[in-house]
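Visitor: Encoded as structure tokens, here's the structure I'll be asking about.
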Amino acid sequence: MGSDGCEKTGCSDPGRVKQQLIYRLGLVFYELFSGGEKPPPELLVNPSFLVETHKDDDQKISTSFRDLDFARSLQVNDDSKADEESDSSSDPSIQNDLLGFAERSIAEDLNEKCNRLRSRKRQSTFRSSLRYSEHSEGNRDKKAALCRVITQVSIEKLKLKGLPGSLSNLIYNMIDCINGDFKGDHSYRTLSDVTPDLRLMVEYPDKFLRDLDVNSLSLTPLSLKDSVFERKDEFASLQCAYRRSASGSPEIALIAGESGTGKSWLANRIGRFILSNSGIFLQGKFDRLHRTQPFSVLATAFNAYCDVVIRETNGDRAKLIASKLQDALGPDACQLAKVIPTLRQVIECEEPNNNSDANQNYIDAEKRLSYLFSRFVETISRYSGCVIALFLDDLQWADDVSLSIVGEILKSSDASERFFFLGSYRDDEIDNGHPVLKMIENAQSLGVTASTVKLRCMDKDMVTRMLSHLLCLSPDFVAHRRWEWNEEDIMSRSLPDDVAVLFSQRIDKLPSDVKLALNTLSCFENHWRDHYDLSLELYELAAECALITGDMISLSVITDQVTKNARCFEDTLNISYTCMSTLGYASQISDSVEMGLEIMSKLAVLQVNPNLVPLIPLKMVEITIEHGMSHLSPIGFAFFGSLVAQLGDLNGGHKFTCIAKSLIDKMMLRDIAGEVLCVSTDILCFIVHFRMAIETRKENEVVALTAGNVTWACYSRLMYVTGTFWSGSKLSVSLEVIDHGRRFVMSRGHLTSDNYLLLLQQSILKLIGNSQSEIIPDDELKQRVLDSNNHHALEIYYFQKTYASFMLDNYESMKESAIELFKFSTKPWLLMSNRIFHVLVGGLVSFRIYRETKLSCWLERGTKFKSQMQLWAEQGSSSTFENKYFLLEAEEQFSKNKLDVVRATYDKTISSARAHKLVHEEAIACELAANFYFNIDDFSTSLKYYTSANEKYSEWGAYAIARRLFRCVGEKFTSYASAPSSHPISSTDGFERQRFDSEADQRKRKQP
């Protein structure tokens, strides 16, 4: 209402006009909801206070009333017992007629009602007793206070008629605003203040209109709806992350925030969204007090999934999932069923008939379960027909084992494509080195997108909405109310200052039998003396648990206690083995070996001499033959077979490895199967075609992972990757295999294998060429190897540098690297498959350096390598060794200048390599044959072999060698007058260069 309206009514205060409108509407509400009863005269004020209402004011009241549709929306039931003397207008039919009448003609009838009320005698009597005086503020305050009391008494009559308390209070406040003590914190200012409260009553009658049952509320927890905490942006971000995961893009989402910011609430909301979109939402919550119980949270989540499958047992989808789980887990399903009990009701889980699992290393058992969990999730996510969402709450308290399992699941590309991981953690309780952040970094390094939603504390508006929802009060009322508390009463509460006092009080409340047990334990001071065997067993178990949970401090303390109190040295063996495992899994191999040798020296088994280590498998076989089989006997046979093969008897060594594999199958020793199969496959590479043998490396990797033996799983992957290269696969394919292999070993923390693969990768990049940005300088690469403190890695570095220099015809670099390589005189006592190519490269390089230097030591070294290859060719697979032996034989005869023998030998080499589809070795043989014919001035034959070498190198993908060969041949032939003016290589140069560029670009696009 503008200033003009004030001038027309003769009122100088616009606020009084607004109060009058609210007051008059309150009187109407009173009459309506009392069943037509006229307002008591005590509620009517002095007419001198009421100003003349303008027509627009009456229209404003009418409009607000109609917009709310209040008379139709508020269905008030009169459940109270009405007074027998109540007016007949309280009848529901009469009340409805009055409500309809008020809705149609409230604006026109309002002035008439007020004038009629003023003319009543009781009203005039009341006015005469409460004379209005504008000049006496104190007197007016007293009158206003008295009017407020009378108004409250009158409103109570409405409650007795069954009117809800919230609506009664609203009418009271509307009428009370006219008493002259207008305060924004307690009364309505304008009709726009009344409107929100009315709307809340209409839209949410259960909460803001009807009276609440206080007794039932005290027994039920307070609940909040989604509308209270909107978090629209955060919720939308999680929705997008889930949709991307559902579309096949591996992604995880995390919710970070302080305690009480609504992380769990937001996660449950996205869970309802996932369920509404036909997804599966599994959840678990970590507890600070139960961090030493690994697998428990994950078991809870996946038990829930198995329950879903059980309920749908007769469905086709459930049968398919059960069948696939049976195939994926196989006989190891019983191990996973120990953690997920309801899995037994889904698939058959038969316990093994032997006690091999009891002898299994605890770390291997943990890694076995990690792999089985990964296979489980991979299977259910693939065949459930929907995305599997796993929510883990309070990750800041998660145990390392559970986090490693989640990381294992994310490593599996098959599982992560249909698996959505959602986690929440308190970001103020973790630091940069926390396992949660490490898990996120590892996931990102594997190409998994990680989205983090950060929640901040609630702002004032959100707190207001929350209190309004919980207390069933208007938001405006909450926002303008001043909240007070009695600090003295709070501080007067007695709470113990010492936690020991509080703990003592809690103990006193425990049952009597529990207190008796605690009292007995407190007297268990001399347990080592009185209960030695039990104490030793408990300490060994505690050490294994400390190792599993990563508590190295506790492990050290426990080990010291056992060492101090053990009655004999033999009683410390189990816990010493646990400590050795700790060093081994921490990549401190030398310290672990040193500790093991020291223990064996004390047992008088061996002297402390690493050179006598090969005698260990011999001793194991002797003990087995003398005393019978144990669960470690297959390991002894496998390593003894490798030792026999290394000493020169391939077939004899192969027989012993076959015995080891047979024992594994008969005794069902799955925990050591990975180790035995890896050693056996190394010997198999000498017996059958090399390419056929390396395919079994994939199976070995799966077996090792199933047993939880990550070390041998990484070894299998390493041998598979290197075998792919040495078997002659295209170099672009080898690079892709190396990329996958490096991600595999790095995700499992096997840095040694990653260094070996990096060195091989650099050699391949040099052979391909045109990838200078990816090639690490030799000095930097060498320093990286030196930093690893791995003696064998440095040997591999010099071998790869020697090989790459030989292939690229860099003589000086080759010679320098070869000299350093052959300084490593330590001969491995195990026969590994890569030894084949060390012998081949060593022989080729030695003969080449001899022809340049004429030093007999190089010829002798080359001859030894050739003799070794000849022995393998005679006993092993001809498809693997025949062409290699012929090539070394030709190089030796070339070095000795036996020209007649050389020609035929080179031809046999090339024919054998071509027959066994070893394109890379055929290319090498053609180039070396071309060099020989060029050296004896047979240019035509030389050019033919150069042309063949160029074609084979290009077919292999070694484009840097092909270009080097083209330039070299051009320089050689143009320097001789008798040479052809042109050579066939020049005609294919443009084609080869074009093919090289296209394949290089294609390889770059495939790289992740």
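Within each chain, counting starts at residue 1; across the structure tokens, chains are named A, B, ... in the order shown, with ligands numbered 1 upward in that order.
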Which residues come within 12 Å of Arg835 in chain A, counting only C-alpha atoms, excluding same-chain residues fewer than 5 positions away, as a short mmCIF file (atom, residue, chain, number, x, y, z; two decimals) with all heavy atoms, in the first residue's frame?

Guide:
data_model
loop_
_atom_site.label_atom_id
_atom_site.label_comp_id
_atom_site.auth_asym_id
_atom_site.auth_seq_id
_atom_site.Cartn_x
_atom_site.Cartn_y
_atom_site.Cartn_z
N GLN A 646 70.03 -76.97 -16.20
CA GLN A 646 71.10 -75.97 -16.31
C GLN A 646 72.46 -76.64 -16.40
O GLN A 646 73.36 -76.13 -17.08
CB GLN A 646 71.05 -75.03 -15.08
CG GLN A 646 72.19 -74.04 -15.00
CD GLN A 646 72.10 -72.96 -16.06
OE1 GLN A 646 71.33 -73.05 -17.01
NE2 GLN A 646 72.93 -71.94 -15.92
N ASP A 682 59.67 -72.71 -17.79
CA ASP A 682 60.99 -72.31 -18.28
C ASP A 682 61.70 -73.48 -18.95
O ASP A 682 62.35 -73.31 -19.99
CB ASP A 682 61.84 -71.78 -17.11
CG ASP A 682 61.60 -70.31 -16.84
OD1 ASP A 682 61.38 -69.57 -17.80
OD2 ASP A 682 61.63 -69.89 -15.66
N ILE A 683 61.61 -74.67 -18.38
CA ILE A 683 62.23 -75.85 -19.00
C ILE A 683 61.46 -76.26 -20.24
O ILE A 683 62.04 -76.70 -21.24
CB ILE A 683 62.28 -77.01 -17.99
CG1 ILE A 683 62.93 -76.54 -16.68
CG2 ILE A 683 63.06 -78.18 -18.57
CD1 ILE A 683 64.30 -75.96 -16.85
N CYS A 685 60.11 -74.41 -22.41
CA CYS A 685 60.50 -73.56 -23.55
C CYS A 685 61.67 -74.15 -24.32
O CYS A 685 61.85 -73.84 -25.52
CB CYS A 685 60.87 -72.17 -23.05
SG CYS A 685 59.48 -71.21 -22.44
N PHE A 686 62.47 -75.02 -23.68
CA PHE A 686 63.59 -75.66 -24.37
C PHE A 686 63.16 -76.95 -25.06
O PHE A 686 63.84 -77.42 -25.97
CB PHE A 686 64.71 -75.98 -23.36
CG PHE A 686 65.41 -74.77 -22.83
CD1 PHE A 686 64.86 -74.02 -21.81
CD2 PHE A 686 66.63 -74.37 -23.37
CE1 PHE A 686 65.50 -72.91 -21.32
CE2 PHE A 686 67.28 -73.25 -22.88
CZ PHE A 686 66.72 -72.52 -21.85
N MET A 719 57.83 -63.02 -18.30
CA MET A 719 58.30 -64.00 -19.27
C MET A 719 57.40 -64.04 -20.51
O MET A 719 57.87 -64.27 -21.62
CB MET A 719 58.35 -65.39 -18.63
CG MET A 719 59.42 -65.55 -17.56
SD MET A 719 61.12 -65.44 -18.20
CE MET A 719 61.55 -63.77 -17.72
N THR A 722 58.36 -60.74 -22.61
CA THR A 722 59.65 -60.89 -23.30
C THR A 722 59.60 -62.01 -24.33
O THR A 722 60.21 -61.91 -25.40
CB THR A 722 60.76 -61.17 -22.27
OG1 THR A 722 60.40 -62.33 -21.49
CG2 THR A 722 60.94 -60.00 -21.33
N GLY A 723 58.87 -63.09 -24.01
CA GLY A 723 58.74 -64.17 -24.97
C GLY A 723 58.00 -63.75 -26.23
O GLY A 723 58.31 -64.22 -27.33
N TRP A 726 60.74 -62.05 -28.35
CA TRP A 726 61.76 -62.94 -28.91
C TRP A 726 61.20 -64.00 -29.84
O TRP A 726 61.95 -64.60 -30.60
CB TRP A 726 62.53 -63.61 -27.77
CG TRP A 726 63.39 -62.68 -26.97
CD1 TRP A 726 63.23 -62.34 -25.67
CD2 TRP A 726 64.55 -61.99 -27.44
NE1 TRP A 726 64.21 -61.45 -25.29
CE2 TRP A 726 65.05 -61.22 -26.37
CE3 TRP A 726 65.22 -61.92 -28.66
CZ2 TRP A 726 66.17 -60.42 -26.47
CZ3 TRP A 726 66.35 -61.12 -28.75
CH2 TRP A 726 66.82 -60.38 -27.68
N ILE A 796 70.92 -56.66 -17.20
CA ILE A 796 69.93 -56.58 -18.28
C ILE A 796 70.09 -55.29 -19.06
O ILE A 796 69.91 -55.26 -20.30
CB ILE A 796 68.51 -56.70 -17.69
CG1 ILE A 796 68.33 -58.05 -17.00
CG2 ILE A 796 67.46 -56.52 -18.78
CD1 ILE A 796 68.50 -59.23 -17.90
N PHE A 799 72.88 -55.81 -21.46
CA PHE A 799 72.48 -56.75 -22.51
C PHE A 799 71.60 -56.07 -23.55
O PHE A 799 71.82 -56.23 -24.76
CB PHE A 799 71.74 -57.94 -21.89
CG PHE A 799 71.08 -58.81 -22.92
CD1 PHE A 799 71.82 -59.69 -23.69
CD2 PHE A 799 69.70 -58.73 -23.13
CE1 PHE A 799 71.20 -60.48 -24.66
CE2 PHE A 799 69.08 -59.52 -24.08
CZ PHE A 799 69.83 -60.41 -24.86
N LYS A 827 76.88 -67.07 -13.03
CA LYS A 827 76.01 -67.87 -13.87
C LYS A 827 74.81 -68.31 -13.05
O LYS A 827 74.95 -68.88 -11.97
CB LYS A 827 76.77 -69.10 -14.38
CG LYS A 827 75.98 -69.92 -15.40
CD LYS A 827 76.83 -71.07 -15.93
CE LYS A 827 76.06 -71.87 -16.97
NZ LYS A 827 76.88 -72.98 -17.50
N PRO A 828 73.58 -68.03 -13.53
CA PRO A 828 72.39 -68.42 -12.75
C PRO A 828 72.29 -69.94 -12.64
O PRO A 828 72.58 -70.67 -13.59
CB PRO A 828 71.24 -67.84 -13.57
CG PRO A 828 71.76 -67.70 -14.95
CD PRO A 828 73.22 -67.40 -14.81
N TRP A 829 71.92 -70.40 -11.45
CA TRP A 829 71.80 -71.84 -11.25
C TRP A 829 70.46 -72.37 -11.74
O TRP A 829 70.29 -73.58 -11.90
CB TRP A 829 72.02 -72.21 -9.79
CG TRP A 829 70.98 -71.66 -8.84
CD1 TRP A 829 70.98 -70.44 -8.25
CD2 TRP A 829 69.83 -72.34 -8.37
NE1 TRP A 829 69.89 -70.31 -7.44
CE2 TRP A 829 69.16 -71.47 -7.48
CE3 TRP A 829 69.28 -73.62 -8.59
CZ2 TRP A 829 67.99 -71.81 -6.84
CZ3 TRP A 829 68.11 -73.97 -7.95
CH2 TRP A 829 67.47 -73.07 -7.07
N LEU A 830 69.50 -71.45 -11.99
CA LEU A 830 68.23 -71.83 -12.59
C LEU A 830 68.30 -71.61 -14.10
O LEU A 830 68.92 -70.65 -14.56
CB LEU A 830 67.08 -71.02 -12.00
CG LEU A 830 66.62 -71.36 -10.59
CD1 LEU A 830 65.52 -70.38 -10.16
CD2 LEU A 830 66.11 -72.78 -10.50
N LEU A 840 72.42 -66.43 -27.79
CA LEU A 840 72.44 -66.09 -29.21
C LEU A 840 73.10 -64.73 -29.43
O LEU A 840 74.01 -64.60 -30.26
CB LEU A 840 71.01 -66.07 -29.75
CG LEU A 840 70.84 -65.60 -31.20
CD1 LEU A 840 71.58 -66.52 -32.16
CD2 LEU A 840 69.37 -65.49 -31.57
N VAL A 841 72.67 -63.72 -28.72
CA VAL A 841 73.22 -62.37 -28.90
C VAL A 841 74.69 -62.34 -28.47
O VAL A 841 75.53 -61.71 -29.14
CB VAL A 841 72.39 -61.35 -28.10
CG1 VAL A 841 73.04 -59.97 -28.15
CG2 VAL A 841 70.97 -61.29 -28.62
N GLY A 842 74.99 -63.02 -27.35
CA GLY A 842 76.39 -63.05 -26.91
C GLY A 842 77.30 -63.64 -27.95
O GLY A 842 78.42 -63.13 -28.18
N PHE A 865 79.50 -69.98 -26.56
CA PHE A 865 78.08 -69.72 -26.78
C PHE A 865 77.52 -70.65 -27.85
O PHE A 865 76.40 -71.18 -27.73
CB PHE A 865 77.85 -68.26 -27.18
CG PHE A 865 77.97 -67.29 -26.02
CD1 PHE A 865 78.76 -66.17 -26.13
CD2 PHE A 865 77.28 -67.49 -24.84
CE1 PHE A 865 78.88 -65.27 -25.09
CE2 PHE A 865 77.39 -66.60 -23.78
CZ PHE A 865 78.19 -65.49 -23.90
N GLN A 868 77.03 -74.14 -26.42
CA GLN A 868 75.84 -74.21 -25.58
C GLN A 868 74.58 -74.32 -26.44
O GLN A 868 73.68 -75.12 -26.15
CB GLN A 868 75.75 -72.96 -24.71
CG GLN A 868 74.55 -72.92 -23.78
CD GLN A 868 74.61 -73.99 -22.71
OE1 GLN A 868 75.44 -73.95 -21.82
NE2 GLN A 868 73.72 -74.97 -22.79
N MET A 869 74.50 -73.53 -27.52
CA MET A 869 73.35 -73.59 -28.42
C MET A 869 73.28 -74.95 -29.10
O MET A 869 72.17 -75.49 -29.34
CB MET A 869 73.44 -72.47 -29.44
CG MET A 869 72.18 -72.26 -30.25
SD MET A 869 70.81 -71.63 -29.25
CE MET A 869 71.39 -69.96 -28.92
N TRP A 872 71.70 -77.48 -26.71
CA TRP A 872 70.25 -77.32 -26.64
C TRP A 872 69.57 -77.81 -27.93
O TRP A 872 68.48 -78.37 -27.88
CB TRP A 872 69.91 -75.85 -26.40
CG TRP A 872 70.29 -75.38 -25.02
CD1 TRP A 872 70.51 -76.14 -23.92
CD2 TRP A 872 70.52 -74.03 -24.63
NE1 TRP A 872 70.85 -75.36 -22.84
CE2 TRP A 872 70.86 -74.05 -23.24
CE3 TRP A 872 70.49 -72.80 -25.28
CZ2 TRP A 872 71.17 -72.90 -22.53
CZ3 TRP A 872 70.78 -71.65 -24.56
CH2 TRP A 872 71.11 -71.70 -23.20
#

Visitor: Looking only at the backbone, which of the residues in range 335-440 of chain A does DSSP tag as helix (DSSP H, G or I), as number ranges by chain?

Guide: A: 335-337, 341-345, 356-359, 362-383, 395-397, 400-411, 413-416, 427-429, 435-440

Visitor: What is the distance, in Å and to one decimal place, between CA of Thr559 in chain A and CA of Glu366 in chain A?

Guide: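 Atom-to-atom, CA of Thr559 in chain A and CA of Glu366 in chain A are spaced 21.1 Å apart.
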
Visitor: Could you pull the residues within 10 Å of Ser404 in chain A, counting only C-alpha atoms, minus those fewer than 4 positions along the same chain, as a list of chain:residue names?

Guide: A:Glu366, A:Lys367, A:Ser370, A:Tyr371, A:Asp399, A:Asp400, A:Glu408, A:Ile409, A:Leu410, A:Pro435, A:Val436, A:Met439, A:Arg748

Visitor: Can those selected residues be exported to a file as a JSON list (two decimals), in the first residue's frame so that it contains C-alpha atoms?

Guide:
[["chain", "number", "residue", "atom", "x", "y", "z"],
["A", 366, "GLU", "CA", 45.45, -62.50, 1.34],
["A", 367, "LYS", "CA", 46.48, -62.01, -2.26],
["A", 370, "SER", "CA", 42.11, -60.43, -3.53],
["A", 371, "TYR", "CA", 42.31, -62.20, -6.86],
["A", 399, "ASP", "CA", 41.99, -51.74, 6.49],
["A", 400, "ASP", "CA", 44.75, -52.18, 3.94],
["A", 408, "GLU", "CA", 42.57, -55.48, -7.50],
["A", 409, "ILE", "CA", 39.01, -55.16, -8.79],
["A", 410, "LEU", "CA", 39.81, -51.85, -10.47],
["A", 435, "PRO", "CA", 46.24, -45.85, 1.59],
["A", 436, "VAL", "CA", 42.99, -44.39, 0.24],
["A", 439, "MET", "CA", 44.49, -46.52, -4.15],
["A", 748, "ARG", "CA", 51.09, -54.94, -7.93]]

Visitor: Using only C-alpha atoms, which protein or nucleic acid residues come within 8 Å of Phe391 in chain A? Drop anything in the same chain fewer than 5 positions from it, and give the result as an MDAnalysis selection string.

Guide: chainID A and resid 267 281:284 421:424

Visitor: What does the file look like for those residues with all heavy atoms, as a PDB file, in the first residue's frame?

Guide:
ATOM      1  N   ALA A 267      25.345 -40.419  -0.527  1.00  0.00           N
ATOM      2  CA  ALA A 267      25.618 -41.724  -1.134  1.00  0.00           C
ATOM      3  C   ALA A 267      24.349 -42.577  -1.188  1.00  0.00           C
ATOM      4  O   ALA A 267      24.086 -43.251  -2.190  1.00  0.00           O
ATOM      5  CB  ALA A 267      26.715 -42.441  -0.354  1.00  0.00           C
ATOM      6  N   PHE A 281      22.975 -51.864  -6.024  1.00  0.00           N
ATOM      7  CA  PHE A 281      23.700 -50.986  -5.097  1.00  0.00           C
ATOM      8  C   PHE A 281      24.043 -51.772  -3.838  1.00  0.00           C
ATOM      9  O   PHE A 281      23.162 -52.173  -3.080  1.00  0.00           O
ATOM     10  CB  PHE A 281      22.843 -49.767  -4.747  1.00  0.00           C
ATOM     11  CG  PHE A 281      23.576 -48.743  -3.918  1.00  0.00           C
ATOM     12  CD1 PHE A 281      24.573 -47.962  -4.473  1.00  0.00           C
ATOM     13  CD2 PHE A 281      23.255 -48.565  -2.580  1.00  0.00           C
ATOM     14  CE1 PHE A 281      25.244 -47.012  -3.716  1.00  0.00           C
ATOM     15  CE2 PHE A 281      23.914 -47.619  -1.813  1.00  0.00           C
ATOM     16  CZ  PHE A 281      24.911 -46.838  -2.378  1.00  0.00           C
ATOM     17  N   LEU A 282      25.338 -52.025  -3.655  1.00  0.00           N
ATOM     18  CA  LEU A 282      25.839 -52.728  -2.478  1.00  0.00           C
ATOM     19  C   LEU A 282      26.592 -51.733  -1.609  1.00  0.00           C
ATOM     20  O   LEU A 282      27.247 -50.834  -2.134  1.00  0.00           O
ATOM     21  CB  LEU A 282      26.771 -53.869  -2.886  1.00  0.00           C
ATOM     22  CG  LEU A 282      26.235 -54.832  -3.954  1.00  0.00           C
ATOM     23  CD1 LEU A 282      27.304 -55.818  -4.349  1.00  0.00           C
ATOM     24  CD2 LEU A 282      24.990 -55.551  -3.454  1.00  0.00           C
ATOM     25  N   GLN A 283      26.533 -51.915  -0.312  1.00  0.00           N
ATOM     26  CA  GLN A 283      27.185 -50.948   0.562  1.00  0.00           C
ATOM     27  C   GLN A 283      27.718 -51.608   1.820  1.00  0.00           C
ATOM     28  O   GLN A 283      27.243 -52.657   2.253  1.00  0.00           O
ATOM     29  CB  GLN A 283      26.227 -49.820   0.930  1.00  0.00           C
ATOM     30  CG  GLN A 283      24.941 -50.256   1.599  1.00  0.00           C
ATOM     31  CD  GLN A 283      24.033 -49.088   1.892  1.00  0.00           C
ATOM     32  OE1 GLN A 283      24.482 -48.007   2.261  1.00  0.00           O
ATOM     33  NE2 GLN A 283      22.731 -49.298   1.720  1.00  0.00           N
ATOM     34  N   GLY A 284      28.731 -50.981   2.365  1.00  0.00           N
ATOM     35  CA  GLY A 284      29.343 -51.407   3.617  1.00  0.00           C
ATOM     36  C   GLY A 284      29.959 -50.205   4.295  1.00  0.00           C
ATOM     37  O   GLY A 284      30.252 -49.184   3.663  1.00  0.00           O
ATOM     38  N   PHE A 421      32.514 -47.944  -8.398  1.00  0.00           N
ATOM     39  CA  PHE A 421      32.904 -47.856  -6.994  1.00  0.00           C
ATOM     40  C   PHE A 421      32.642 -46.444  -6.486  1.00  0.00           C
ATOM     41  O   PHE A 421      33.051 -45.455  -7.090  1.00  0.00           O
ATOM     42  CB  PHE A 421      34.383 -48.195  -6.823  1.00  0.00           C
ATOM     43  CG  PHE A 421      34.872 -48.003  -5.407  1.00  0.00           C
ATOM     44  CD1 PHE A 421      34.489 -48.891  -4.416  1.00  0.00           C
ATOM     45  CD2 PHE A 421      35.684 -46.939  -5.082  1.00  0.00           C
ATOM     46  CE1 PHE A 421      34.928 -48.714  -3.113  1.00  0.00           C
ATOM     47  CE2 PHE A 421      36.120 -46.754  -3.785  1.00  0.00           C
ATOM     48  CZ  PHE A 421      35.742 -47.648  -2.798  1.00  0.00           C
ATOM     49  N   LEU A 422      31.948 -46.394  -5.357  1.00  0.00           N
ATOM     50  CA  LEU A 422      31.639 -45.123  -4.700  1.00  0.00           C
ATOM     51  C   LEU A 422      32.129 -45.215  -3.263  1.00  0.00           C
ATOM     52  O   LEU A 422      31.810 -46.166  -2.547  1.00  0.00           O
ATOM     53  CB  LEU A 422      30.130 -44.861  -4.728  1.00  0.00           C
ATOM     54  CG  LEU A 422      29.635 -43.615  -3.976  1.00  0.00           C
ATOM     55  CD1 LEU A 422      30.183 -42.339  -4.612  1.00  0.00           C
ATOM     56  CD2 LEU A 422      28.114 -43.585  -3.941  1.00  0.00           C
ATOM     57  N   GLY A 423      32.923 -44.264  -2.862  1.00  0.00           N
ATOM     58  CA  GLY A 423      33.457 -44.244  -1.503  1.00  0.00           C
ATOM     59  C   GLY A 423      33.321 -42.873  -0.876  1.00  0.00           C
ATOM     60  O   GLY A 423      33.187 -41.863  -1.567  1.00  0.00           O
ATOM     61  N   SER A 424      33.347 -42.859   0.431  1.00  0.00           N
ATOM     62  CA  SER A 424      33.313 -41.596   1.157  1.00  0.00           C
ATOM     63  C   SER A 424      34.359 -41.637   2.264  1.00  0.00           C
ATOM     64  O   SER A 424      34.628 -42.703   2.833  1.00  0.00           O
ATOM     65  CB  SER A 424      31.919 -41.344   1.756  1.00  0.00           C
ATOM     66  OG  SER A 424      31.660 -42.238   2.815  1.00  0.00           O
TER      67      SER A 424
END

Visitor: Find the nearest atom pair between each residue of range 658-768 of chain A and range 945-965 of chain A for residues within 12 Å, count only C-alpha atoms, give distances in Å to one decimal, sort rows by chain and ascending number, and present the table as a Markdown table.

Guide:
| residue | atom | partner | partner_atom | distance |
| --- | --- | --- | --- | --- |
| A:Phe725 | CA | A:Trp956 | CA | 10.4 |
| A:Trp726 | CA | A:Trp956 | CA | 11.5 |
| A:Ser727 | CA | A:Trp956 | CA | 11.1 |
| A:Gly728 | CA | A:Trp956 | CA | 7.3 |
| A:Ser729 | CA | A:Trp956 | CA | 7.1 |
| A:Lys730 | CA | A:Trp956 | CA | 5.0 |
| A:Leu731 | CA | A:Gly957 | CA | 5.4 |
| A:Ser732 | CA | A:Gly957 | CA | 6.9 |
| A:Val733 | CA | A:Gly957 | CA | 9.5 |
| A:Ser734 | CA | A:Gly957 | CA | 10.2 |
| A:Leu735 | CA | A:Gly957 | CA | 11.0 |
| A:Ser763 | CA | A:Ala958 | CA | 10.8 |
| A:Ile764 | CA | A:Ala958 | CA | 8.2 |
| A:Leu765 | CA | A:Ala958 | CA | 9.0 |
| A:Lys766 | CA | A:Ala960 | CA | 7.2 |
| A:Leu767 | CA | A:Ala958 | CA | 5.0 |
| A:Ile768 | CA | A:Ala958 | CA | 4.6 |

Visitor: Work out how far CA of Asp459 in chain A is from CA of Leu170 in chain A, in Å to one decimal.

Guide: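 Atom-to-atom, CA of Leu170 in chain A and CA of Asp459 in chain A are spaced 27.9 Å apart.
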
Visitor: Contacts of Arg914 in chain A at 12 Å or less, counting only C-alpha atoms, minus same-chain residues fewer than 3 places along, as a PyMOL selection string?

Guide: chain A and resi 728+879+882-883+907-911+917-926+948+952

Visitor: Looking at only C-alpha atoms, which of A:Met629, A:Arg456, A:Leu943, A:Ala299 is the one that sits closest to Gly970 in chain A?

Guide: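 Of A:Met629, A:Arg456, A:Leu943, A:Ala299, the one nearest Gly970 in chain A, counting only C-alpha atoms, is A:Leu943.
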
Visitor: Can you tell me, as a list of chain:residue names, what residues are no more than 7 Å from Leu209 in chain A when counting only C-alpha atoms, ignoring any on the same chain fewer than 4 positions away?

Guide: A:Pro164, A:Ser166, A:Leu167, A:Met201, A:Pro205
